[in-house]
Amino acid sequence: MSATQAQAKPERRRSREIFEKAEKVLVGGVNSPVRAFRSVGGEPLIIEKGSGQYLYDADGNQLLDYVCSWGAMLLGHAHPAVSAAIAEQARRGTSFGVTTELELQLATLITKAIPFIEKIRFVSSGTEATMSAVRLARGVTERDLIIKFEGCYHGHADSFLSQAGSGLATLGIAECPGVPQALAALTLNVPYNDLQGVEKLFSEHKDKIAAVIVEPIAANMGVVLPKEGFLQGLRDLTRKHGALLVIDEVITGFRLHDGSAQTLLGVEGDLTTMGKIIGGGVPVAAYGGRAELMNNVAPLGPVYQAGTLAGNPLAMSAGIATLNELAKPGVYDGVNALAKKLVHGLRNALAGAGMVAQVNSIGSLSTIFFTPDPVTNFAEAKRSDTKRYARYFREMLNRGIFLAPSQFEAAFVSASHTSADIDRTIATAQEVLKFIAAQPSA
Ligand SMILES: *Cc1c(COP(=O)(O)O)cnc(C)c1O
């Protein structure tokens, strides 16, 4: 095939039929906005099954998956140990509404890997985890304001829906109707990596800021790394001003090694939120921290938070199996080495196509930004040529490679990807990027 030709789209008749019907009963045909592919165009996928590094759509097309359920599937799809644990638990019952030993087991795996988390509360989504952590921070500090960073995403709780990343960034929604102005006013936004901006907010709002919440590595405006000293600076400022530091590790927890990104980056938050990987693809998230802080949550303390399905046994089983697999020697080294090879290959492919772009990456996370300038915050991320990203996404998808259907997300490499998969991805990207470079700029 010539490099100047677009690849024909695979046939997706059945997927299209299902999606058309879904649009009648599900809002936008989806249960989470980015799945509708609105920012990249093309038809949304309908997936029938997953196995290892592959997804299979309703028409039987195989896709090499770099979305990995937004990072939750670090082991890949239907990992035998995880599926077996879920099936085994399903036979014993799926929810009891009281405590199981499984909750103790998963909590122990997490607190062993991240010793500064002494106590944990399990919830069912990352949204709940961050919302609850902020409630706890407000409860113990008896203050109302929080600081968050533009482009960081902490789920869809009201307090976080101003200047958020991910879906909001993708859809270009700056503020969300339905969030009361009185509540939005309690969230102070500042650019990522702007320590001086944070310092200024602390001096402007003395003794009023309950917490700073941050992604230790931002991955919801695309991947953006913390600058040297940024996280430590937040640690120092929050201590100095009696605020809590909430580190949102819903994406980064257990992503880069068997533990938290905080450990690798040399900082410890007061409260940590987790999700995605710790549930192995079943809905689980958690917040935790020092016992002295967590003891303020009900039933030990007055800060109320509860969940009918929290600590769900199916989810706990999936999480335990996942963390046990990940703790085996060499798993992280393998994933991270593959991802490094991918990033190296993509940089070469971009150069080969004569494109000036940024590939931000760490461990198994990466994002291509089609901009000549470094991307260190959301404003810079938004300078990326998102039309070009959309074209790249569609051409890769037509060739059987599923990347994030948005500029403002990460590509995730899983432990089930192989060196051959990476070679194929790089070769495909070379072809696609050359093709795109030859197109008139959108
Ligand atoms: C995904 C994500 C969330 C939200 O988690 P959900 O389970 O989608 O509610 C929160 N924070 C970060 C950093 C995330 O990546």
# chains A, B, ... in the order shown; residues from 1 in each chain; ligands from 1

$ residues_around --residues "Thr386 of chain A" --least-positions-apart "5" --cutoff "10 Å" --atoms "only C-alpha atoms" --output "PyMOL selection string"
chain A and resi 39-40+170+369-371+381+391-392+406-408+442

$ select_by_dssp --residues "segment 301-414 of chain A" --states "helix (DSSP H, G or I)" --output "count of residues only"
53

$ residues_around --residues "Ala420 of chain A" --least-positions-apart "2" --cutoff "12 Å" --atoms "only C-alpha atoms" --output "mmCIF file with all heavy atoms, in the first residue's frame"
data_model
loop_
_atom_site.group_PDB
_atom_site.id
_atom_site.type_symbol
_atom_site.label_atom_id
_atom_site.label_comp_id
_atom_site.auth_asym_id
_atom_site.auth_seq_id
_atom_site.Cartn_x
_atom_site.Cartn_y
_atom_site.Cartn_z
ATOM 1 N N GLN A 53 -3.799 -8.463 25.050
ATOM 2 C CA GLN A 53 -3.603 -7.101 24.522
ATOM 3 C C GLN A 53 -4.664 -6.729 23.478
ATOM 4 O O GLN A 53 -4.602 -5.632 22.929
ATOM 5 C CB GLN A 53 -2.190 -6.977 23.931
ATOM 6 C CG GLN A 53 -1.916 -7.784 22.667
ATOM 7 C CD GLN A 53 -1.483 -9.207 22.935
ATOM 8 O OE1 GLN A 53 -2.160 -9.955 23.668
ATOM 9 N NE2 GLN A 53 -0.379 -9.612 22.341
ATOM 10 N N LEU A 64 -5.544 -3.965 18.550
ATOM 11 C CA LEU A 64 -4.462 -3.933 19.532
ATOM 12 C C LEU A 64 -4.761 -2.745 20.445
ATOM 13 O O LEU A 64 -4.854 -1.607 19.988
ATOM 14 C CB LEU A 64 -3.114 -3.762 18.807
ATOM 15 C CG LEU A 64 -1.862 -3.752 19.673
ATOM 16 C CD1 LEU A 64 -1.746 -5.016 20.522
ATOM 17 C CD2 LEU A 64 -0.624 -3.615 18.773
ATOM 18 N N LEU A 338 8.897 -2.127 27.413
ATOM 19 C CA LEU A 338 8.131 -2.106 26.159
ATOM 20 C C LEU A 338 7.663 -0.689 25.842
ATOM 21 O O LEU A 338 7.736 -0.233 24.693
ATOM 22 C CB LEU A 338 6.898 -3.002 26.269
ATOM 23 C CG LEU A 338 7.116 -4.511 26.155
ATOM 24 C CD1 LEU A 338 5.780 -5.218 26.274
ATOM 25 C CD2 LEU A 338 7.795 -4.869 24.838
ATOM 26 N N LYS A 341 10.423 1.427 24.566
ATOM 27 C CA LYS A 341 10.697 1.088 23.164
ATOM 28 C C LYS A 341 9.653 1.749 22.247
ATOM 29 O O LYS A 341 9.998 2.285 21.190
ATOM 30 C CB LYS A 341 10.659 -0.439 23.026
ATOM 31 C CG LYS A 341 10.794 -0.962 21.625
ATOM 32 C CD LYS A 341 10.910 -2.481 21.613
ATOM 33 C CE LYS A 341 10.525 -2.992 20.224
ATOM 34 N NZ LYS A 341 10.925 -4.363 19.979
ATOM 35 N N LEU A 342 8.410 1.743 22.688
ATOM 36 C CA LEU A 342 7.338 2.364 21.899
ATOM 37 C C LEU A 342 7.594 3.868 21.732
ATOM 38 O O LEU A 342 7.524 4.410 20.629
ATOM 39 C CB LEU A 342 5.979 2.121 22.566
ATOM 40 C CG LEU A 342 4.782 2.808 21.911
ATOM 41 C CD1 LEU A 342 4.534 2.266 20.510
ATOM 42 C CD2 LEU A 342 3.512 2.639 22.759
ATOM 43 N N SER A 416 0.494 -7.496 28.863
ATOM 44 C CA SER A 416 0.260 -8.532 27.848
ATOM 45 C C SER A 416 0.710 -8.101 26.456
ATOM 46 O O SER A 416 0.700 -8.891 25.522
ATOM 47 C CB SER A 416 -1.214 -8.950 27.834
ATOM 48 O OG SER A 416 -2.014 -7.818 27.607
ATOM 49 N N HIS A 417 1.110 -6.850 26.311
ATOM 50 C CA HIS A 417 1.689 -6.448 25.027
ATOM 51 C C HIS A 417 3.040 -7.158 24.860
ATOM 52 O O HIS A 417 3.714 -7.459 25.845
ATOM 53 C CB HIS A 417 1.887 -4.928 24.966
ATOM 54 C CG HIS A 417 0.619 -4.159 24.747
ATOM 55 N ND1 HIS A 417 -0.262 -3.871 25.775
ATOM 56 C CD2 HIS A 417 0.065 -3.627 23.628
ATOM 57 C CE1 HIS A 417 -1.298 -3.201 25.288
ATOM 58 N NE2 HIS A 417 -1.131 -3.036 23.989
ATOM 59 N N THR A 418 3.419 -7.390 23.605
ATOM 60 C CA THR A 418 4.685 -8.064 23.330
ATOM 61 C C THR A 418 5.587 -7.130 22.525
ATOM 62 O O THR A 418 5.132 -6.111 21.985
ATOM 63 C CB THR A 418 4.466 -9.335 22.482
ATOM 64 O OG1 THR A 418 3.971 -8.918 21.194
ATOM 65 C CG2 THR A 418 3.460 -10.279 23.138
ATOM 66 N N ILE A 422 4.762 -4.022 19.767
ATOM 67 C CA ILE A 422 5.361 -2.682 19.746
ATOM 68 C C ILE A 422 5.974 -2.408 18.373
ATOM 69 O O ILE A 422 5.790 -1.329 17.807
ATOM 70 C CB ILE A 422 6.430 -2.540 20.866
ATOM 71 C CG1 ILE A 422 5.826 -2.832 22.247
ATOM 72 C CG2 ILE A 422 7.090 -1.158 20.824
ATOM 73 C CD1 ILE A 422 4.732 -1.915 22.706
ATOM 74 N N ASP A 423 6.675 -3.411 17.823
ATOM 75 C CA ASP A 423 7.255 -3.258 16.477
ATOM 76 C C ASP A 423 6.160 -2.940 15.461
ATOM 77 O O ASP A 423 6.317 -2.045 14.624
ATOM 78 C CB ASP A 423 7.977 -4.547 16.051
ATOM 79 C CG ASP A 423 9.273 -4.756 16.820
ATOM 80 O OD1 ASP A 423 9.828 -3.756 17.323
ATOM 81 O OD2 ASP A 423 9.723 -5.916 16.925
ATOM 82 N N ARG A 424 5.071 -3.672 15.545
ATOM 83 C CA ARG A 424 3.964 -3.460 14.602
ATOM 84 C C ARG A 424 3.383 -2.048 14.774
ATOM 85 O O ARG A 424 3.084 -1.364 13.794
ATOM 86 C CB ARG A 424 2.886 -4.513 14.868
ATOM 87 C CG ARG A 424 1.667 -4.322 14.003
ATOM 88 C CD ARG A 424 0.544 -5.288 14.363
ATOM 89 N NE ARG A 424 -0.745 -4.686 14.045
ATOM 90 C CZ ARG A 424 -1.880 -5.010 14.615
ATOM 91 N NH1 ARG A 424 -1.916 -5.950 15.546
ATOM 92 N NH2 ARG A 424 -2.995 -4.415 14.266
ATOM 93 N N THR A 425 3.259 -1.622 16.037
ATOM 94 C CA THR A 425 2.693 -0.301 16.307
ATOM 95 C C THR A 425 3.591 0.799 15.738
ATOM 96 O O THR A 425 3.109 1.748 15.117
ATOM 97 C CB THR A 425 2.516 -0.104 17.824
ATOM 98 O OG1 THR A 425 1.759 -1.207 18.322
ATOM 99 C CG2 THR A 425 1.796 1.203 18.142
ATOM 100 N N ILE A 426 4.891 0.633 15.928
ATOM 101 C CA ILE A 426 5.835 1.643 15.428
ATOM 102 C C ILE A 426 5.809 1.681 13.897
ATOM 103 O O ILE A 426 5.748 2.760 13.297
ATOM 104 C CB ILE A 426 7.270 1.352 15.942
ATOM 105 C CG1 ILE A 426 7.319 1.533 17.469
ATOM 106 C CG2 ILE A 426 8.291 2.257 15.264
ATOM 107 C CD1 ILE A 426 8.589 1.002 18.119
ATOM 108 N N ALA A 427 5.810 0.504 13.284
ATOM 109 C CA ALA A 427 5.792 0.444 11.811
ATOM 110 C C ALA A 427 4.508 1.087 11.281
ATOM 111 O O ALA A 427 4.528 1.842 10.304
ATOM 112 C CB ALA A 427 5.894 -1.009 11.338
#

$ select_by_dssp --residues "segment 79-159 of chain A" --states "strand (DSSP E)" --output "compact mmCIF listing (two decimals) with N, CA, C and O atoms, in the first residue's frame"
# COMPACT_ATOMS: atom_id res chain seq x y z
N LYS A 119 -4.40 3.35 56.79
CA LYS A 119 -5.79 2.89 56.74
C LYS A 119 -6.45 3.29 55.44
O LYS A 119 -6.16 4.37 54.90
N ILE A 120 -7.36 2.43 55.01
CA ILE A 120 -7.99 2.60 53.70
C ILE A 120 -9.50 2.52 53.85
O ILE A 120 -10.01 1.80 54.71
N ARG A 121 -10.20 3.23 52.99
CA ARG A 121 -11.64 3.00 52.81
C ARG A 121 -11.86 2.70 51.33
O ARG A 121 -11.46 3.47 50.47
N PHE A 122 -12.48 1.55 51.05
CA PHE A 122 -12.79 1.22 49.65
C PHE A 122 -14.11 1.84 49.23
O PHE A 122 -15.07 1.86 50.02
N VAL A 123 -14.13 2.33 48.00
CA VAL A 123 -15.35 2.86 47.38
C VAL A 123 -15.43 2.22 45.99
O VAL A 123 -14.65 1.30 45.68
N LEU A 145 -12.06 25.84 51.21
CA LEU A 145 -11.47 25.98 49.88
C LEU A 145 -10.56 24.82 49.53
O LEU A 145 -9.90 24.24 50.39
N ILE A 146 -10.54 24.49 48.23
CA ILE A 146 -9.53 23.54 47.76
C ILE A 146 -8.81 24.14 46.54
O ILE A 146 -9.37 24.95 45.82
N ILE A 147 -7.58 23.70 46.37
CA ILE A 147 -6.82 24.10 45.18
C ILE A 147 -6.68 22.87 44.30
O ILE A 147 -6.32 21.79 44.77
N LYS A 148 -7.01 23.05 43.02
CA LYS A 148 -6.72 22.00 42.05
C LYS A 148 -6.02 22.62 40.84
O LYS A 148 -5.96 23.84 40.71
N PHE A 149 -5.52 21.75 39.99
CA PHE A 149 -4.72 22.22 38.85
C PHE A 149 -5.49 22.07 37.55
O PHE A 149 -6.12 21.04 37.31
N GLU A 150 -5.42 23.11 36.72
CA GLU A 150 -6.09 23.09 35.41
C GLU A 150 -5.63 21.88 34.62
O GLU A 150 -4.43 21.64 34.50

$ residues_around --residues "Val432 of chain A" --least-positions-apart "4" --cutoff "7 Å" --atoms "only C-alpha atoms" --output "PyMOL selection string"
chain A and resi 392+395-396+428+436

$ write_last_selection --atoms "N, CA, C and O atoms" --output "short mmCIF file (atom, residue, chain, number, x, y, z; two decimals), in the first residue's frame"
data_model
loop_
_atom_site.label_atom_id
_atom_site.label_comp_id
_atom_site.auth_asym_id
_atom_site.auth_seq_id
_atom_site.Cartn_x
_atom_site.Cartn_y
_atom_site.Cartn_z
N TYR A 392 -4.62 11.01 13.21
CA TYR A 392 -3.69 9.94 13.64
C TYR A 392 -4.48 8.81 14.30
O TYR A 392 -4.32 7.64 13.97
N GLU A 395 -6.58 6.89 11.59
CA GLU A 395 -5.76 6.06 10.69
C GLU A 395 -5.17 4.85 11.42
O GLU A 395 -5.08 3.77 10.85
N MET A 396 -4.80 5.05 12.69
CA MET A 396 -4.28 3.92 13.47
C MET A 396 -5.41 2.91 13.70
O MET A 396 -5.21 1.70 13.58
N THR A 428 3.40 0.82 11.96
CA THR A 428 2.12 1.39 11.54
C THR A 428 2.13 2.91 11.73
O THR A 428 1.69 3.67 10.86
N ILE A 436 -0.11 11.37 7.14
CA ILE A 436 -0.71 12.59 7.70
C ILE A 436 0.13 13.83 7.34
O ILE A 436 -0.41 14.88 7.01
#
